[in-house]
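First up is the structure itself, then whatever we jot down about it.
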Amino acid sequence: MTLYGQDEILETLWTLREEGKSSRAELLCSTQEEAPEALLQELRSSGQVEIEGDEIRMTPAGEQRARGIIRRHRLAEVLLNNLFEVEWQHLESSACQFEHILSEAVTDSVCTFLGHPPACPHGQPIPRGECCDRIRMDVRPLVTRLSDASLGAPLRIVFITPKSVKRLEKLSSMGIVPGSTVRLMQRNPSHVLQIGQTTVAVDKDITDEIFVKQA
Amino acid sequence: MTSAWKKEEASSAVILVGNPNVGKSVVFGALTGRYVNVSNYPGTTVEVTRGETRDRGTVYEVIDTPGVYSLLPMSEDERVTRDILMREPGARVLQVCDARNMRRSLMITIQLAEMGVPLLLAVNMADEARNEGVMPRLELLEERLGVEAVPTVAVRKQGTDRLLPLLGRAKPASAAVHYGNRIEAAISRMEELLPREAPLGKRALALMLLCGDESLTSWLAENVPAQRIRDMNAVRNRLTEAVGEDISYRVNQARLAWIDRLLGTMGREDAPPRGLDFAQRFGRLSMDPVYGIPILAAVLFLAYEFVGVFGAGFLVDLLQGKVFDGWIVPAVAWVVDRAFPWPFARDFLVGPYGMVSMALSYAIAIVLPIVGTFFFGFGVLEDSGYLPRLAVMVDRGFKRIGCNGKAVLPLILGLGCDTMATLTTRILETRKERIIITLLLALGVPCSAQLGVILGMLADVGPAASITWFLVLVGVIFLVGYLAAKVIPGDPSDFILEIPPIRWPQPGNLLVKTMARIEWYLREAVPLFIVGTLILFVSDRMGLLPWVQKAAEPLVVRLLDLPPKTAEAFLIGFLRRDYGAAGLFAMAKAGMLTNLQVLVSLVTITLFIPCLANLLVIYKEQGGKVTAYIVLFIFPFAVLVGAAVNFAARELGIHF
């Protein structure tokens with residue numbers, strides 16, 4: 001699996017760079033791949049890294065790929081840690097699986113679902129994806145949190161991930177269920193929703209759990 | 001003869017059910033002619049009210065219930081409503097719907113259909129729905145539900161006269177939601193496990209049990225053998241595993257989907273929808289993070305001008321200075337001197353602790369004008385729909401004291417009457433929130449009677465002392481709330497609050513409501529004022545007052561630096577805090593207190609233990625242990641804060 005190996009090397013290069021390191025010796029010492037030299041050659045011949053003496057640098061193409069890997073890895077860590085409360089020592093190995101398999105669309109959904117977290121549980125920054133852009137030219141039918149949705153626009157609820165069953169029941173008895181159309185009227189001092197002719201004020205942590213699409 | 005007449009008269013119960021703030025209490029008033037408190041915010045009714053009415057030989061007992069979003073109870077007041085339905089088998093149900101919000105109203109209708117109760121719909125606020133162009137066509141609704149639906153405008157009694165005749169022939173709704181084969185199969189199995197004699201339709205009970213309704217526990221324990229309960233759990237657990245999702249959520253989704261299909265085919269009356277009018281625009285702005293704050297400040301200022309300046313200033317001066325001191329007291333003294341020429345009678349009526357010169361003068365001349373103006377102003381706020389918007393504004397602050405914005409409703413109501421407000425804590429969902437707010441009400445929220453007296457006194461000592469008093473109280477409320485939130489176990493609940501539209505208060509309702517509250521005040525307070533005065537009068541006669549003053553001296557004189565006579569005000573403050581405050585008011589008017597002493601005594605009496613009625617309600621709602629803790633905390637705490645203010649001001653050399 002050389003693709004897998006390449007991913008791992010690029011990931012290591014990215015994290016070393018965050019620590020201000022870029023030498024071949026440090027890469028060889030940090031990586032757990034069995035044949036790092038061969039993988040490095042592969043990456044060089046495909047134009048993803050440049051090697052000058054002892055120093056290894058990622059090319060823009062390599063950097064792009066590494067960015068995606070790191071992004072998936074750290075988002076997975078947030079997902080596993082915050083949502084599934086996976087124990088710290090299992091975090092790394094599970095996240096390592098995710099970084100190779102998530103497609104870009106799924107990654108963006110996960111990122112949106114988590115509220116575009118800026119850092120992983122270890123405090124390292126998570127590279128931004130397209131879904132994190134606040135300033136957009138086009139309006140895409142993307143799933144967003146209701147709390148992030150634009151004010152006043154009619155939105156269709158796609159899914160709700162409530163912290164408690166009680167909350168879900170309460171929302172559903174007020175007509176807030178997947179499929180309903182809702183508008184976010186204001187964010188401060190509380191979030192105010194309009195469902196049909198009903199106006200409801202709720203906390204931000206509730207609108208964080210409601211995911212909507214442009215209706 | 002009477003028995004023959006009685007035979008003809010059948011009797012039947014009618015239960016009013018519906019979403020919060022749809023006008024159940026207005027319909028109740030229209031049907032029975034009895035007034036129950038009506039406002040424009042959800043949760044005004046927290047207790048069940050019963051009234052009687054008759055229609056062509058049938059006596060109906062009409063029962064008003066707290067509003068519900070679902071008949072699967074989620075808060076105390078919702079449970080009250082569901083339990084009434086269980087306890088009154090054979091009752092007819094009049095569901096009051098909000099014509100503007102049929103989607104939510106029909107959620108209740110479906111559950112009532114499953115209960116199999118004879119049902120009639122009053123589709124209320126038809127005028128508003130027509131104005132907004134959302135009035136549903138009711139013919140198709142009647143056909144699909146199999147029950148009759150009457151458009152009403154209850155506040156103007158339009159359509160309400162048609163309700164009773166139609167209730168006479170109400171029948172259960174024929175509509176039924178199909179929940180999918182798996183849930184339907186579980187419902188059938190659950191129905192078989194239920195006892196033959198069930199208080200409600202078995203389909204409804206089966207669904208409640210499947211949805212995990214814990215409030216049915218006591219009914220189950222009495223009516224179902226343990227083995228069957230185990231079987232019921234097995235049915236429920238198997239269904240949960242098969243569905244892989246919370247059942248009540250599934251059920252609600254199926255209901256909403258059914259309703260959306262129905263509403264889709266039903267259509268609306270033709271009417272052009274209109275743009276935002278002034279009231280709606282004001283409603284938006286009053287929750288705005290920028291404009292909301294000046295609006296709040298303006299509301300507070302107007303309230304102060306009306307209650308503090310007009311009520312406590314102008315009206316009190318008029319009533320106490322001119323009417324009582326200038327006219328009634330001398331007149332009574334004149335009569336007494338001629339009719340019963342004993343000093344005892346004279347003292348009893350117009351002496352320093354006289355029934356007329358003290359009890360009635362405090363109750364009618366000092367407290368009543370203030371309470372009256374407060375109740376009127378408060379009624380305007382309630383009926384306009386502003387209060388829930390206030391909850392939105394303060395939500396973040398209330399998070400710090402372990403509650404959410406909803407808790408501001410009972411606290412504000414407490415400014416009217418702490419006793420009533422303590423009952424209203426039922427709209428809060430967790431016990432932790434209820435205890436915190438009950439404590440804060442008992443501790444730091446002065447009721448209208450007390451507040452009015454206090455405002456009257458503060459008006460004479462200048463703005464610096466007034467602002468200090470206000471800041472000390474708000475500080476104490478937040479400090480105690482913050483600490484209570486740490487100490488009292490439990491979780492805060494979610495902030496999900498329905499915001500009613502801003503409406504112009506109906507002058508009729510406003511007047512009736514204010515009068516009803518004033519009447520209630522007179523009945524509640526005047527007897528206690530008389531008892532308090534009697535205690536003082538007797539103590540004075542027996543020479544006990546100097547002894548009381550001496551006993552209280554270490555606290556009153558040493559700690560608080562107040563004149564010994566203040567002990568009397570605190571003594572009667574045990575009966576009612578406003579009465580105690582009125583005593584201070586009279587002392588201040590007589591020039592017996594310095595400005596600093598006014599402030600210290602006011603801080604202490606505001607925090608002082610709540611009145612007897614309030615204590616009884618706390619006991620009823622929260623039990624003896626909580627009540628005891630609250631009293632044991634408040635009494636020393638009030639004196640301590642008063643002493644702290646006194647000490648700090650003297651150390652800093654501030655004498656106001």
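Each chain in the structure tokens gets a letter, A, B and so on, in the order shown; residues start at 1 in every chain, and ligands are counted from 1 in the order they appear.
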- Query: Please, which residues of chain A lie no more than 12 Å from chain B when the count uses only C-alpha atoms, and can they be set out as a VMD selection string?
  - Reply: chain A and resid 160 to 181 185 to 207
- Find the residues near Val598 of chain B: any atom within 8 Å, counting only C-alpha atoms, skip ones fewer than 6 places away on the same chain, and give them as a PyMOL selection string. chain B and resi 457-458+461+584+588
- Nearest to Glu139 of chain B: which of B:Thr65, B:Ser448, B:Thr58, B:Thr265 is it, counting only C-alpha atoms?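 The closest residue to Glu139 of chain B is B:Thr265.
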- Given only C-alpha atoms as the counted atoms, nearest of B:Lys432, B:Lys513, B:Arg137, B:Arg503 to Arg281 of chain B: B:Arg503
If DSSP is run on the backbone, what residues of segment 33-157 of chain A are strand (DSSP E or B)? A reply as an mmCIF file with N, CA, C and O atoms, in the first residue's frame would be ideal.
```cif
data_model
loop_
_atom_site.group_PDB
_atom_site.id
_atom_site.type_symbol
_atom_site.label_atom_id
_atom_site.label_comp_id
_atom_site.auth_asym_id
_atom_site.auth_seq_id
_atom_site.Cartn_x
_atom_site.Cartn_y
_atom_site.Cartn_z
ATOM 1 N N VAL A 49 7.164 16.210 -3.146
ATOM 2 C CA VAL A 49 8.146 16.800 -2.237
ATOM 3 C C VAL A 49 9.399 17.185 -3.013
ATOM 4 O O VAL A 49 9.665 16.661 -4.097
ATOM 5 N N GLU A 50 10.169 18.101 -2.471
ATOM 6 C CA GLU A 50 11.475 18.462 -3.012
ATOM 7 C C GLU A 50 12.503 18.150 -1.942
ATOM 8 O O GLU A 50 12.266 18.432 -0.763
ATOM 9 N N ILE A 51 13.618 17.544 -2.373
ATOM 10 C CA ILE A 51 14.657 17.207 -1.396
ATOM 11 C C ILE A 51 15.928 17.964 -1.759
ATOM 12 O O ILE A 51 16.411 17.883 -2.882
ATOM 13 N N GLU A 52 16.435 18.752 -0.832
ATOM 14 C CA GLU A 52 17.676 19.496 -1.046
ATOM 15 C C GLU A 52 18.625 19.161 0.080
ATOM 16 O O GLU A 52 18.468 19.664 1.186
ATOM 17 N N GLU A 55 17.353 18.650 3.727
ATOM 18 C CA GLU A 55 16.055 19.278 3.932
ATOM 19 C C GLU A 55 14.999 18.754 2.961
ATOM 20 O O GLU A 55 15.251 18.604 1.776
ATOM 21 N N ILE A 56 13.807 18.469 3.528
ATOM 22 C CA ILE A 56 12.691 17.993 2.697
ATOM 23 C C ILE A 56 11.581 19.026 2.764
ATOM 24 O O ILE A 56 11.175 19.447 3.842
ATOM 25 N N ARG A 57 11.100 19.447 1.590
ATOM 26 C CA ARG A 57 9.994 20.416 1.549
ATOM 27 C C ARG A 57 8.862 19.843 0.724
ATOM 28 O O ARG A 57 9.080 19.139 -0.256
ATOM 29 N N MET A 58 7.617 20.173 1.113
ATOM 30 C CA MET A 58 6.476 19.746 0.313
ATOM 31 C C MET A 58 6.274 20.735 -0.819
ATOM 32 O O MET A 58 6.416 21.943 -0.636
ATOM 33 N N ALA A 119 -9.512 23.488 16.208
ATOM 34 C CA ALA A 119 -8.351 22.733 16.665
ATOM 35 C C ALA A 119 -8.760 21.322 17.072
ATOM 36 O O ALA A 119 -9.911 21.069 17.429
ATOM 37 N N PRO A 125 -3.932 23.041 15.193
ATOM 38 C CA PRO A 125 -4.934 23.634 14.300
ATOM 39 C C PRO A 125 -5.420 22.653 13.238
ATOM 40 O O PRO A 125 -4.643 21.833 12.755
ATOM 41 N N THR A 144 -25.974 23.073 6.862
ATOM 42 C CA THR A 144 -25.288 23.858 7.886
ATOM 43 C C THR A 144 -26.042 23.721 9.194
ATOM 44 O O THR A 144 -27.180 23.280 9.215
ATOM 45 N N ARG A 145 -25.357 24.141 10.252
ATOM 46 C CA ARG A 145 -26.065 24.241 11.515
ATOM 47 C C ARG A 145 -27.058 25.381 11.418
ATOM 48 O O ARG A 145 -26.764 26.404 10.821
ATOM 49 N N PRO A 154 -35.779 31.006 4.516
ATOM 50 C CA PRO A 154 -36.505 29.767 4.831
ATOM 51 C C PRO A 154 -35.569 28.566 4.716
ATOM 52 O O PRO A 154 -34.850 28.426 3.730
ATOM 53 N N LEU A 155 -35.562 27.725 5.727
ATOM 54 C CA LEU A 155 -34.631 26.605 5.772
ATOM 55 C C LEU A 155 -35.399 25.320 6.049
ATOM 56 O O LEU A 155 -36.386 25.330 6.785
ATOM 57 N N ARG A 156 -34.919 24.239 5.466
ATOM 58 C CA ARG A 156 -35.550 22.950 5.716
ATOM 59 C C ARG A 156 -34.694 22.167 6.702
ATOM 60 O O ARG A 156 -33.478 22.096 6.540
ATOM 61 N N ILE A 157 -35.314 21.622 7.730
ATOM 62 C CA ILE A 157 -34.543 20.871 8.726
ATOM 63 C C ILE A 157 -34.191 19.503 8.148
ATOM 64 O O ILE A 157 -35.069 18.784 7.668
#
```
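Residue nearest Phe314 of chain B, chosen from B:Thr373, B:Gln280, B:Thr438, B:Thr152 and counting only C-alpha atoms: B:Thr373.
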- Please identify all polymer residues within 10 Å of segment 94-97 of chain B, counting only C-alpha atoms, omitting same-chain residues fewer than 6 positions from it, and present them as a ChimeraX atom specification. /B:14-25,27,62-64,67,103-106,108-109,112,117-126,149-152,154,163-164,167,170
- Task: Fewer than 5 positions away in the same chain doesn't count, so skip those; otherwise give me all residues within 8 Å of segment 318-323 of chain B, counting only C-alpha atoms, as a PyMOL selection string.
- Result: chain B and resi 328+361+365-366
- Item | Contacts of Gln506 of chain B at 9 Å (only C-alpha atoms; same-chain gap of 4+ positions) as a PyMOL selection string | chain B and resi 155+380+383+510-511
For the residues in that selection, give me N, CA, C and O atoms as a short mmCIF file (atom, residue, chain, number, x, y, z; two decimals), in the first residue's frame.
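And here is the file that came out, again-v4.cif:
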```cif
data_model
loop_
_atom_site.label_atom_id
_atom_site.label_comp_id
_atom_site.auth_asym_id
_atom_site.auth_seq_id
_atom_site.Cartn_x
_atom_site.Cartn_y
_atom_site.Cartn_z
N VAL B 155 -62.08 36.66 22.97
CA VAL B 155 -62.01 37.91 23.71
C VAL B 155 -63.19 38.82 23.39
O VAL B 155 -63.54 39.69 24.17
N VAL B 380 -50.93 45.64 31.82
CA VAL B 380 -50.59 46.11 30.47
C VAL B 380 -49.41 45.28 29.93
O VAL B 380 -49.43 44.79 28.80
N ASP B 383 -50.59 41.61 29.15
CA ASP B 383 -51.48 41.43 28.02
C ASP B 383 -50.83 41.82 26.71
O ASP B 383 -51.26 41.39 25.65
N LEU B 510 -58.22 44.17 30.99
CA LEU B 510 -57.30 44.88 31.86
C LEU B 510 -58.00 45.35 33.13
O LEU B 510 -57.51 45.19 34.26
N LEU B 511 -59.19 45.91 32.93
CA LEU B 511 -59.95 46.45 34.05
C LEU B 511 -60.40 45.33 34.99
O LEU B 511 -60.21 45.40 36.20
#
```
- Near-Asn646 of chain B list (8 Å; only C-alpha atoms; drop same-chain fewer than 6 positions) as a list of chain:residue names: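 Here the answer would be B:Leu560, B:Asp561, B:Leu596, B:Gln597, B:Val600.
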Expected file contents, prior selection, all heavy atoms, as a tab-separated table (two decimals), in the first residue's frame:
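Listed below is the output, selection-v3.tsv:
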```
chain	number	residue	atom	x	y	z
B	560	LEU	N	-27.68	47.35	63.28
B	560	LEU	CA	-28.22	48.10	62.14
B	560	LEU	C	-28.25	49.60	62.38
B	560	LEU	O	-28.57	50.36	61.49
B	560	LEU	CB	-29.63	47.60	61.80
B	560	LEU	CG	-29.74	46.11	61.43
B	560	LEU	CD1	-31.19	45.71	61.26
B	560	LEU	CD2	-28.97	45.81	60.16
B	561	ASP	N	-27.97	50.03	63.64
B	561	ASP	CA	-27.99	51.47	63.96
B	561	ASP	C	-29.34	52.10	63.68
B	561	ASP	O	-29.43	53.19	63.13
B	561	ASP	CB	-26.91	52.22	63.17
B	561	ASP	CG	-25.58	52.15	63.88
B	561	ASP	OD1	-25.57	52.13	65.13
B	561	ASP	OD2	-24.55	52.08	63.19
B	596	LEU	N	-29.60	57.31	55.75
B	596	LEU	CA	-28.89	56.03	55.80
B	596	LEU	C	-29.74	54.98	56.52
B	596	LEU	O	-29.82	53.83	56.11
B	596	LEU	CB	-27.54	56.20	56.50
B	596	LEU	CG	-26.76	54.89	56.69
B	596	LEU	CD1	-26.46	54.23	55.35
B	596	LEU	CD2	-25.45	55.14	57.43
B	597	GLN	N	-30.42	55.40	57.58
B	597	GLN	CA	-31.27	54.45	58.31
B	597	GLN	C	-32.42	53.96	57.43
B	597	GLN	O	-32.81	52.79	57.49
B	597	GLN	CB	-31.82	55.11	59.58
B	597	GLN	CG	-30.76	55.22	60.67
B	597	GLN	CD	-31.27	55.93	61.89
B	597	GLN	OE1	-32.08	56.85	61.79
B	597	GLN	NE2	-30.78	55.54	63.05
B	600	VAL	N	-30.85	51.29	55.18
B	600	VAL	CA	-30.53	50.05	55.89
B	600	VAL	C	-31.82	49.30	56.25
B	600	VAL	O	-31.93	48.09	56.05
B	600	VAL	CB	-29.70	50.35	57.16
B	600	VAL	CG1	-29.57	49.10	58.03
B	600	VAL	CG2	-28.33	50.88	56.78
```
